[in-house]
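Enquirer: Just one file: data_22.cif, with mmCIF, C-alpha atoms.
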data_input
#
loop_
_atom_site.label_atom_id
_atom_site.label_comp_id
_atom_site.auth_asym_id
_atom_site.auth_seq_id
_atom_site.Cartn_x
_atom_site.Cartn_y
_atom_site.Cartn_z
CA MET A 28 -95.89 -30.14 10.42
CA ARG A 29 -95.21 -26.69 8.90
CA ARG A 30 -98.92 -25.96 8.90
CA SER A 31 -99.24 -26.98 12.56
CA LEU A 32 -96.32 -24.85 13.68
CA ALA A 33 -97.57 -21.88 11.69
CA ALA A 34 -100.87 -22.18 13.49
CA LEU A 35 -99.01 -22.40 16.75
CA PHE A 36 -97.23 -19.12 16.11
CA CYS A 37 -100.48 -17.41 15.23
CA ALA A 38 -102.17 -18.88 18.25
CA VAL A 39 -99.52 -17.77 20.62
CA GLY A 40 -99.70 -14.36 19.11
CA PHE A 41 -103.27 -14.19 20.18
CA ALA A 42 -102.71 -15.39 23.69
CA ALA A 43 -100.81 -12.33 24.64
CA SER A 44 -103.24 -9.92 23.10
CA GLY A 45 -105.33 -7.29 24.68
CA GLY A 46 -106.16 -4.54 22.29
CA THR A 47 -107.09 -1.01 21.49
CA GLY A 48 -109.55 0.16 18.85
CA ILE A 49 -112.23 -1.88 20.60
CA LEU A 50 -115.81 -2.11 19.42
CA ALA A 51 -117.37 -2.33 22.86
CA ASP A 52 -119.50 0.63 23.93
CA ASP A 53 -118.83 0.42 27.61
CA LYS A 54 -115.25 1.60 28.19
CA ALA A 55 -115.19 0.49 31.83
CA ASP A 56 -116.26 -3.04 30.92
CA LEU A 57 -113.74 -3.09 28.10
CA GLU A 58 -110.85 -2.08 30.37
CA LYS A 59 -111.92 -4.73 32.87
CA GLU A 60 -111.90 -7.33 30.11
CA LEU A 61 -108.45 -6.28 28.88
CA LYS A 62 -106.98 -6.68 32.34
CA LYS A 63 -107.89 -10.35 32.23
CA PHE A 64 -105.45 -10.85 29.35
CA GLN A 65 -102.46 -9.02 30.78
CA GLY A 66 -99.43 -11.11 31.77
CA ALA A 67 -97.83 -14.32 30.57
CA TRP A 68 -99.51 -17.46 29.24
CA THR A 69 -98.48 -20.96 28.26
CA ILE A 70 -100.11 -23.12 25.60
CA GLU A 71 -101.79 -26.14 27.15
CA SER A 72 -103.12 -27.51 23.86
CA SER A 73 -103.37 -26.58 20.19
CA GLU A 74 -105.37 -28.15 17.35
CA THR A 75 -105.34 -27.20 13.68
CA GLY A 76 -107.63 -28.79 11.08
CA GLY A 77 -108.44 -31.59 13.52
CA HIS A 78 -104.73 -32.28 14.09
CA LYS A 79 -103.40 -31.89 17.65
CA ILE A 80 -99.89 -30.54 18.08
CA PRO A 81 -97.81 -32.71 20.47
CA ALA A 82 -97.51 -31.19 23.95
CA ASP A 83 -93.70 -31.34 23.89
CA GLN A 84 -93.72 -28.86 21.00
CA LEU A 85 -95.77 -26.38 23.04
CA LYS A 86 -94.28 -26.42 26.53
CA GLU A 87 -91.40 -23.98 25.93
CA PHE A 88 -93.49 -21.20 24.39
CA ILE A 89 -94.49 -18.23 26.53
CA VAL A 90 -96.67 -15.35 25.40
CA THR A 91 -96.54 -12.05 27.24
CA PHE A 92 -98.83 -9.15 26.51
CA GLU A 93 -99.08 -5.53 27.58
CA GLY A 94 -101.96 -3.36 26.48
CA ASP A 95 -102.58 -4.01 22.79
CA LYS A 96 -99.19 -5.65 22.14
CA HIS A 97 -98.20 -9.29 22.47
CA THR A 98 -94.83 -11.03 22.23
CA LEU A 99 -94.24 -14.73 21.66
CA LYS A 100 -90.97 -16.17 22.97
CA MET A 101 -89.24 -19.49 23.19
CA GLY A 102 -86.67 -18.93 25.89
CA ASP A 103 -84.94 -15.64 25.01
CA ASN A 104 -85.81 -15.87 21.31
CA VAL A 105 -88.65 -13.67 20.02
CA PHE A 106 -90.75 -15.48 17.42
CA GLN A 107 -93.61 -13.10 16.90
CA VAL A 108 -95.06 -9.70 17.82
CA GLY A 109 -98.55 -8.38 17.12
CA THR A 110 -101.50 -6.23 18.17
CA GLN A 111 -105.19 -6.99 18.62
CA LYS A 112 -108.73 -5.69 18.94
CA ILE A 113 -111.39 -7.36 21.07
CA ASP A 114 -115.13 -6.99 21.42
CA PRO A 115 -116.45 -8.65 24.60
CA SER A 116 -120.00 -7.45 23.88
CA LYS A 117 -120.46 -10.03 21.11
CA SER A 118 -121.50 -13.64 21.62
CA PRO A 119 -119.18 -15.37 21.30
CA LYS A 120 -116.65 -12.67 22.17
CA THR A 121 -114.54 -11.64 19.17
CA ILE A 122 -110.89 -10.83 18.64
CA ASP A 123 -108.91 -9.63 15.60
CA VAL A 124 -105.13 -10.09 15.71
CA THR A 125 -102.68 -8.36 13.36
CA MET A 126 -99.11 -9.71 13.20
CA THR A 127 -96.44 -6.97 13.05
CA GLU A 128 -93.33 -9.18 13.26
CA GLY A 129 -92.61 -12.83 12.55
CA PRO A 130 -93.51 -15.44 9.91
CA SER A 131 -97.12 -14.18 9.64
CA LYS A 132 -96.25 -10.48 9.46
CA GLY A 133 -99.07 -8.41 7.95
CA THR A 134 -101.70 -11.10 8.51
CA THR A 135 -104.95 -10.29 10.31
CA MET A 136 -106.74 -13.23 11.87
CA LEU A 137 -110.43 -13.30 12.78
CA GLY A 138 -111.30 -15.16 15.93
CA ILE A 139 -113.43 -15.76 18.99
CA TYR A 140 -112.42 -16.25 22.60
CA GLU A 141 -113.60 -17.08 26.07
CA ILE A 142 -111.69 -16.49 29.29
CA ASP A 143 -112.43 -18.08 32.64
CA GLY A 144 -110.03 -17.15 35.41
CA ASP A 145 -106.63 -18.56 34.43
CA THR A 146 -107.84 -20.41 31.33
CA LEU A 147 -108.11 -18.78 27.92
CA LYS A 148 -109.65 -20.52 24.90
CA VAL A 149 -109.51 -19.14 21.37
CA CYS A 150 -110.47 -20.17 17.86
CA PHE A 151 -109.10 -18.47 14.72
CA ASP A 152 -109.29 -18.44 10.97
CA PRO A 153 -105.62 -17.54 10.25
CA GLU A 154 -106.46 -16.50 6.67
CA GLY A 155 -108.87 -13.84 7.97
CA LYS A 156 -111.65 -14.88 5.58
CA LYS A 157 -114.41 -16.03 7.91
CA ARG A 158 -114.73 -15.67 11.67
CA PRO A 159 -115.42 -18.97 13.47
CA THR A 160 -118.71 -19.22 15.34
CA GLU A 161 -117.76 -22.12 17.62
CA PHE A 162 -114.63 -23.56 19.22
CA LYS A 163 -114.03 -26.33 16.70
CA SER A 164 -111.24 -27.12 14.24
CA PRO A 165 -112.79 -29.05 11.33
CA ALA A 166 -110.59 -31.66 9.68
CA GLY A 167 -108.79 -30.33 6.62
CA SER A 168 -109.39 -26.67 7.52
CA GLN A 169 -106.91 -23.96 8.57
CA VAL A 170 -109.01 -23.11 11.64
CA PHE A 171 -107.22 -23.70 14.92
CA VAL A 172 -108.26 -23.89 18.57
CA ASN A 173 -105.86 -23.11 21.41
CA VAL A 174 -106.20 -23.45 25.16
CA HIS A 175 -103.86 -21.25 27.23
CA LYS A 176 -103.02 -21.23 30.92
CA ARG A 177 -101.93 -18.18 32.86
CA VAL A 178 -98.39 -18.28 34.26
CA LYS A 179 -98.75 -17.79 38.01
CA THR A 180 -95.70 -19.65 39.28
CA ALA A 181 -93.28 -16.81 38.67
CA LEU A 182 -94.79 -14.53 41.28
CA ALA A 183 -95.32 -17.36 43.72
CA HIS A 184 -91.76 -18.55 43.22
CA GLU A 185 -90.39 -15.03 43.58
CA SER A 186 -92.26 -14.65 46.87
CA LYS A 187 -90.82 -17.91 48.16
CA LEU A 188 -87.32 -16.78 47.26
CA TYR A 189 -87.51 -14.16 49.99
CA THR A 190 -89.34 -16.18 52.61
CA PRO A 191 -87.94 -19.27 54.39
CA GLN A 192 -90.07 -22.31 53.59
CA PRO A 193 -90.92 -25.26 55.89
CA GLU A 194 -88.05 -27.25 54.39
CA HIS A 195 -85.60 -24.63 55.64
CA GLY A 196 -86.69 -25.36 59.21
CA LEU A 197 -84.56 -28.51 59.25
CA LEU A 198 -81.43 -26.42 58.86
CA LYS A 199 -82.02 -24.90 62.30
CA ARG A 200 -81.18 -28.29 63.79
CA PHE A 201 -77.53 -27.67 62.86
CA GLU A 202 -77.24 -24.17 64.31
CA GLY A 203 -74.89 -23.67 67.25
CA ALA A 204 -71.61 -24.96 68.67
CA TRP A 205 -70.80 -28.68 68.58
CA ARG A 206 -68.07 -31.17 69.38
CA PHE A 207 -67.43 -33.95 66.91
CA GLU A 208 -65.75 -37.34 66.99
CA LYS A 209 -64.99 -39.34 63.86
CA LEU A 210 -64.77 -43.13 64.03
CA ALA A 211 -63.82 -45.60 61.32
CA ALA A 212 -66.36 -48.33 60.69
CA ALA A 213 -65.57 -51.26 62.98
CA ALA A 214 -64.86 -54.71 61.66
CA ASP A 215 -66.94 -57.49 63.13
CA GLY A 216 -66.35 -57.65 66.89
CA SER A 217 -63.62 -54.99 66.92
CA THR A 218 -63.45 -51.57 68.55
CA PRO A 219 -63.97 -48.65 66.12
CA GLU A 220 -60.80 -46.72 65.36
CA LYS A 221 -60.87 -43.08 66.45
CA LEU A 222 -59.99 -40.90 63.48
CA GLY A 223 -60.11 -37.54 65.19
CA THR A 224 -62.04 -34.95 67.18
CA GLY A 225 -62.78 -31.26 67.01
CA GLU A 226 -65.41 -28.54 67.09
CA ILE A 227 -68.05 -27.15 64.75
CA LYS A 228 -69.54 -23.67 64.63
CA ALA A 229 -72.73 -23.58 62.56
CA GLU A 230 -74.51 -20.35 61.67
CA LEU A 231 -77.77 -19.72 59.87
CA VAL A 232 -77.68 -17.23 57.02
CA GLY A 233 -81.01 -15.50 56.65
CA GLY A 234 -82.87 -18.65 57.57
CA PHE A 235 -82.05 -20.02 54.09
CA PHE A 236 -78.63 -21.59 54.60
CA VAL A 237 -76.51 -23.06 57.35
CA VAL A 238 -72.72 -22.65 57.17
CA SER A 239 -70.74 -25.08 59.34
CA LYS A 240 -67.05 -24.56 60.02
CA TRP A 241 -65.14 -27.60 61.28
CA SER A 242 -61.75 -27.53 63.02
CA GLY A 243 -59.75 -30.10 64.96
CA ASN A 244 -57.26 -32.91 64.64
CA VAL A 245 -58.19 -35.69 62.22
CA TYR A 246 -56.13 -38.32 60.42
CA GLY A 247 -53.16 -37.38 62.60
CA GLY A 248 -53.04 -33.71 61.58
CA ASP A 249 -54.77 -30.36 61.67
CA TYR A 250 -58.20 -30.51 60.10
CA SER A 251 -60.50 -27.79 58.80
CA ALA A 252 -63.59 -27.91 56.65
CA VAL A 253 -66.56 -25.79 55.60
CA GLN A 254 -69.98 -27.11 54.69
CA THR A 255 -72.86 -25.07 53.26
CA LEU A 256 -76.36 -26.45 53.11
CA GLY A 257 -79.63 -24.98 51.88
CA TYR A 258 -82.88 -25.99 50.21
CA ASP A 259 -83.36 -25.54 46.46
CA MET A 260 -87.06 -24.95 45.77
CA ASP A 261 -86.77 -25.57 42.04
CA ARG A 262 -85.00 -28.90 42.46
CA LYS A 263 -86.96 -29.72 45.63
CA ALA A 264 -83.77 -30.89 47.26
CA TYR A 265 -81.23 -29.95 49.87
CA THR A 266 -78.06 -28.73 48.17
CA GLY A 267 -74.71 -27.38 49.23
CA LEU A 268 -70.95 -27.70 49.10
CA TRP A 269 -68.22 -29.32 51.18
CA ILE A 270 -64.54 -28.33 51.13
CA ASP A 271 -61.72 -29.31 53.49
CA ASN A 272 -57.95 -29.10 53.79
CA THR A 273 -57.30 -32.72 52.82
CA MET A 274 -57.78 -32.23 49.05
CA SER A 275 -58.50 -29.64 46.36
CA TYR A 276 -61.80 -31.25 45.34
CA GLN A 277 -65.06 -29.39 46.01
CA TRP A 278 -67.89 -31.76 46.88
CA PRO A 279 -71.31 -30.69 45.49
CA LEU A 280 -74.04 -31.93 47.81
CA HIS A 281 -77.57 -33.04 46.95
CA GLY A 282 -80.13 -34.79 49.10
CA SER A 283 -83.54 -35.10 50.70
CA TRP A 284 -85.36 -35.70 53.95
CA GLU A 285 -86.34 -39.34 54.27
CA ALA A 286 -89.51 -39.06 56.34
CA ASP A 287 -89.94 -42.79 56.89
CA LYS A 288 -86.46 -43.12 58.42
CA LYS A 289 -86.41 -39.61 59.85
CA GLU A 290 -83.02 -38.99 58.26
CA LEU A 291 -81.51 -36.30 56.10
CA VAL A 292 -79.64 -38.10 53.33
CA ILE A 293 -76.98 -36.07 51.51
CA ALA A 294 -75.22 -37.58 48.48
CA ALA A 295 -72.13 -36.61 46.50
CA SER A 296 -69.76 -38.03 43.92
CA GLY A 297 -66.02 -37.62 44.18
CA PRO A 298 -62.55 -39.21 44.33
CA SER A 299 -62.53 -42.77 45.62
CA PRO A 300 -59.84 -43.98 48.08
CA THR A 301 -59.04 -46.72 45.55
CA GLY A 302 -58.99 -44.40 42.54
CA GLY A 303 -61.59 -43.13 40.13
CA ILE A 304 -64.91 -41.53 41.03
CA CYS A 305 -67.28 -43.07 43.54
CA LYS A 306 -70.72 -42.26 44.92
CA PHE A 307 -70.95 -41.33 48.59
CA ARG A 308 -73.74 -40.40 50.94
CA GLU A 309 -74.15 -39.29 54.54
CA ARG A 310 -77.19 -40.14 56.64
CA TYR A 311 -77.87 -37.51 59.30
CA GLN A 312 -79.72 -39.12 62.20
CA PHE A 313 -81.12 -36.59 64.66
CA LYS A 314 -81.03 -38.49 67.95
CA SER A 315 -82.13 -35.44 69.95
CA ALA A 316 -81.87 -31.65 69.84
CA ASP A 317 -78.30 -32.01 71.12
CA SER A 318 -77.10 -35.12 69.29
CA ILE A 319 -76.61 -35.97 65.61
CA THR A 320 -75.06 -39.13 64.24
CA VAL A 321 -73.66 -38.94 60.70
CA VAL A 322 -73.23 -42.28 58.96
CA ALA A 323 -70.89 -42.03 55.94
CA GLU A 324 -71.31 -44.64 53.20
CA MET A 325 -69.86 -45.37 49.78
CA LEU A 326 -71.37 -47.38 46.95
CA GLN A 327 -69.47 -50.60 46.30
CA LYS A 328 -70.78 -53.19 43.86
CA GLU A 329 -74.26 -51.62 43.99
CA LYS A 330 -74.32 -51.82 47.79
CA TRP A 331 -73.97 -49.01 50.32
CA VAL A 332 -71.12 -49.78 52.71
CA THR A 333 -70.51 -47.79 55.92
CA PHE A 334 -66.90 -46.64 56.28
CA MET A 335 -67.15 -43.95 58.97
CA THR A 336 -69.48 -42.45 61.57
CA THR A 337 -69.27 -38.96 63.04
CA GLN A 338 -70.92 -38.16 66.34
CA LEU A 339 -71.98 -34.54 66.90
CA THR A 340 -72.75 -33.41 70.46
CA ARG A 341 -73.91 -29.92 71.23
CA LYS A 342 -71.48 -28.07 73.53
CA GLU A 343 -74.32 -26.55 75.54
CA LYS A 344 -77.54 -28.46 75.90
CA THR A 345 -80.68 -26.93 74.48
CA PRO A 346 -82.84 -25.45 77.29
CA LYS A 347 -86.07 -27.32 77.82
CA THR A 348 -89.24 -25.36 77.12
CA GLY A 349 -91.40 -27.30 79.57
CA GLN A 350 -93.73 -28.46 76.78
#
Could you quickly redo this structure as structure tokens?

Expert:
Amino acid sequence: MRRSLAALFCAVGFAASGGTGILADDKADLEKELKKFQGAWTIESSETGGHKIPADQLKEFIVTFEGDKHTLKMGDNVFQVGTQKIDPSKSPKTIDVTMTEGPSKGTTMLGIYEIDGDTLKVCFDPEGKKRPTEFKSPAGSQVFVNVHKRVKTALAHESKLYTPQPEHGLLKRFEGAWRFEKLAAAADGSTPEKLGTGEIKAELVGGFFVVSKWSGNVYGGDYSAVQTLGYDMDRKAYTGLWIDNTMSYQWPLHGSWEADKKELVIAASGPSPTGGICKFRERYQFKSADSITVVAEMLQKEKWVTFMTTQLTRKEKTPKTGQ
């Protein structure tokens, strides 16, 4: 295991390399080659002496390189720093990596590499005795082969952070002024009990969030509440928060769009009417552009039981577009 991890550190050190002191004659070609290395890379696979390192030991390592310097990190912890020299004119292309910080400090490794778009493959002799001539890791040897993948998600994710995504479009359905009526779930054959009525003002914030402010008379007294709802791209879920004047508890919200039922299902856990903590969910049924039915349910004995419905009706009907 120690041997495998040591190889991993060396390998990662390479991944971020892009050096100076290059042997190539054509400076323009060399600079073009170095640009291919710049940025951050993950380790997709690593093999030392015929032994493959488990993927779960590789997934948290990130190598970032700038110019002729590379840095290996696991989270915020720096494991290794080094420099490198490459020669893309050779066949296979060669690379020499010198470790300046970390467990292999002072070591120079002799290696070969090939890079194809966002995939980088390397093979090294970590002892620096003999440069490999092919991308193989013979059993019992110290030679290791690594395959790296370029990290592209950061830029894509950052771009999405500033641009509303298709999932945010659903939030527009809530925008505007509404009237609401809350009804307790009816027993068999009985008339539902009216719990209260009021108004809602819902505003979009930057196209990313909708903030709904509720006010009225519910449960025989003044009622006010605020709900925030947005879409979390990392969790791939709708998330938000609900607070109201009936208790001090803040309800964290989490849910998804159920395409087959055409419902937005928002779940939360919180105080149960009978004590303890219970799971709740609300099913938002979009009857039309001007009508939303919210079915509130709680989990009882592994079964979802409806205890309340809330009918939302837009105060001013949405103008028809003629389409």

Enquirer: Tell me which protein, DNA and RNA residues are within 9 Å of stretch 244-261 of chain A, counting only C-alpha atoms, leaving out same-chain ones fewer than 4 positions away, and put them as a list in words.

Expert: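 Close residues of stretch 244-261 of chain A: His184, Lys187, Leu188, Gln192, Glu194, His195, Leu198, Lys209, Lys221, Leu222, Gly223, Thr224, Gly225, Phe235, Phe236, Val237, Val238, Ser239, Lys240, Tyr265, Thr266, Gly267, Leu268, Trp269, Ile270, Asp271, Asn272, Thr273 and Leu280 of chain A.
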
Enquirer: Between atom CA of A:Ser299 and atom CA of A:Phe334, what distance in Å does the model show, to one decimal?

Expert: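 Interatomic distance, atom CA of A:Ser299 to atom CA of A:Phe334: 12.2 Å.
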
Enquirer: Show me the residues close to (-114.6, -11.1, 31.5) - anything with an atom within 8 Å, counting all atoms listed in the file - and format the list as a PyMOL selection string.

Expert: chain A and resi 59-60+63+115+142-143

Enquirer: Would you write out, as a tab-separated table, a table of all residues in stretch 41-143 of chain A that have an atom no more than 6 Å from an atom of stretch 147-165 of chain A, listing for each the closest atom pair and the distance in Å to one decimal, considering only C-alpha atoms and ordering rows by chain and rising residue number?

Expert:
residue	atom	partner	partner_atom	distance
A:Thr75	CA	A:Ser164	CA	5.9
A:Gly76	CA	A:Ser164	CA	5.1
A:Gly77	CA	A:Ser164	CA	5.3
A:Thr135	CA	A:Gly155	CA	5.8
A:Met136	CA	A:Gly155	CA	4.5
A:Leu137	CA	A:Arg158	CA	5.0
A:Gly138	CA	A:Phe151	CA	4.2
A:Ile139	CA	A:Cys150	CA	5.4
A:Tyr140	CA	A:Val149	CA	4.3
A:Glu141	CA	A:Lys148	CA	5.4
A:Ile142	CA	A:Leu147	CA	4.5

Enquirer: Would you mind telling me which residue in A:Phe207, A:Ile80, A:Gly196, A:Val178 lies nearest to A:Thr146 when using all atoms listed in the file?

Expert: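 Ranking A:Phe207, A:Ile80, A:Gly196, A:Val178 by distance to A:Thr146, first place goes to A:Val178.
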
Enquirer: Using all atoms listed in the file, which of the listed residues (A:Thr337, A:Thr345, A:Ser131, A:Gln327) sits closest to A:Ser315?

Expert: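 For A:Ser315, the nearest of the candidates is A:Thr345.
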
Enquirer: Please evaluate the PyMOL selection byres ((chain A and resi 84) around 10) against the displayed coordinates and give the resulting residues as a list in words.

Expert: Leu32, Leu35, Ile70, Ser72, Ser73, Ile80, Pro81, Ala82, Asp83, Leu85, Lys86, Glu87 and Phe88 of chain A

Enquirer: Run through the PyMOL selection byres ((chain A and resi 335) around 6) on the given coordinates and return the selected residues as an MDAnalysis selection string.

Expert: chainID A and resid 210:212 323 333:334 336

Enquirer: Name every residue that the PyMOL selection byres ((chain A and resi 128) around 9) selects in this structure, writing the answer as a compact mmCIF listing (two decimals) with C-alpha atoms, keeping the file's coordinate frame with chains first and numbers rising.

Expert:
# COMPACT_ATOMS: atom_id res chain seq x y z
CA PHE A 106 -90.75 -15.48 17.42
CA GLN A 107 -93.61 -13.10 16.90
CA VAL A 108 -95.06 -9.70 17.82
CA GLY A 109 -98.55 -8.38 17.12
CA MET A 126 -99.11 -9.71 13.20
CA THR A 127 -96.44 -6.97 13.05
CA GLY A 129 -92.61 -12.83 12.55
CA PRO A 130 -93.51 -15.44 9.91
CA SER A 131 -97.12 -14.18 9.64
CA LYS A 132 -96.25 -10.48 9.46
CA GLY A 133 -99.07 -8.41 7.95

Enquirer: Counting all atoms listed in the file, which residue out of A:Lys100, A:Arg262, A:Arg200, A:Arg206 sits closest to A:Leu291?

Expert: A:Arg200

Enquirer: Quick one: pull the distance between atom CA of A:Val90 and atom CA of A:Gly102, Å, one decimal.

Expert: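 Atom CA of A:Gly102 lies at a distance of 10.6 Å from atom CA of A:Val90.
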
Enquirer: Which of these, A:Asp56, A:Thr91, A:Trp68, A:Ser217, has the shortest distance to A:Ile113 once you count only C-alpha atoms?

Expert: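 Of A:Asp56, A:Thr91, A:Trp68, A:Ser217, the one nearest A:Ile113, counting only C-alpha atoms, is A:Asp56.
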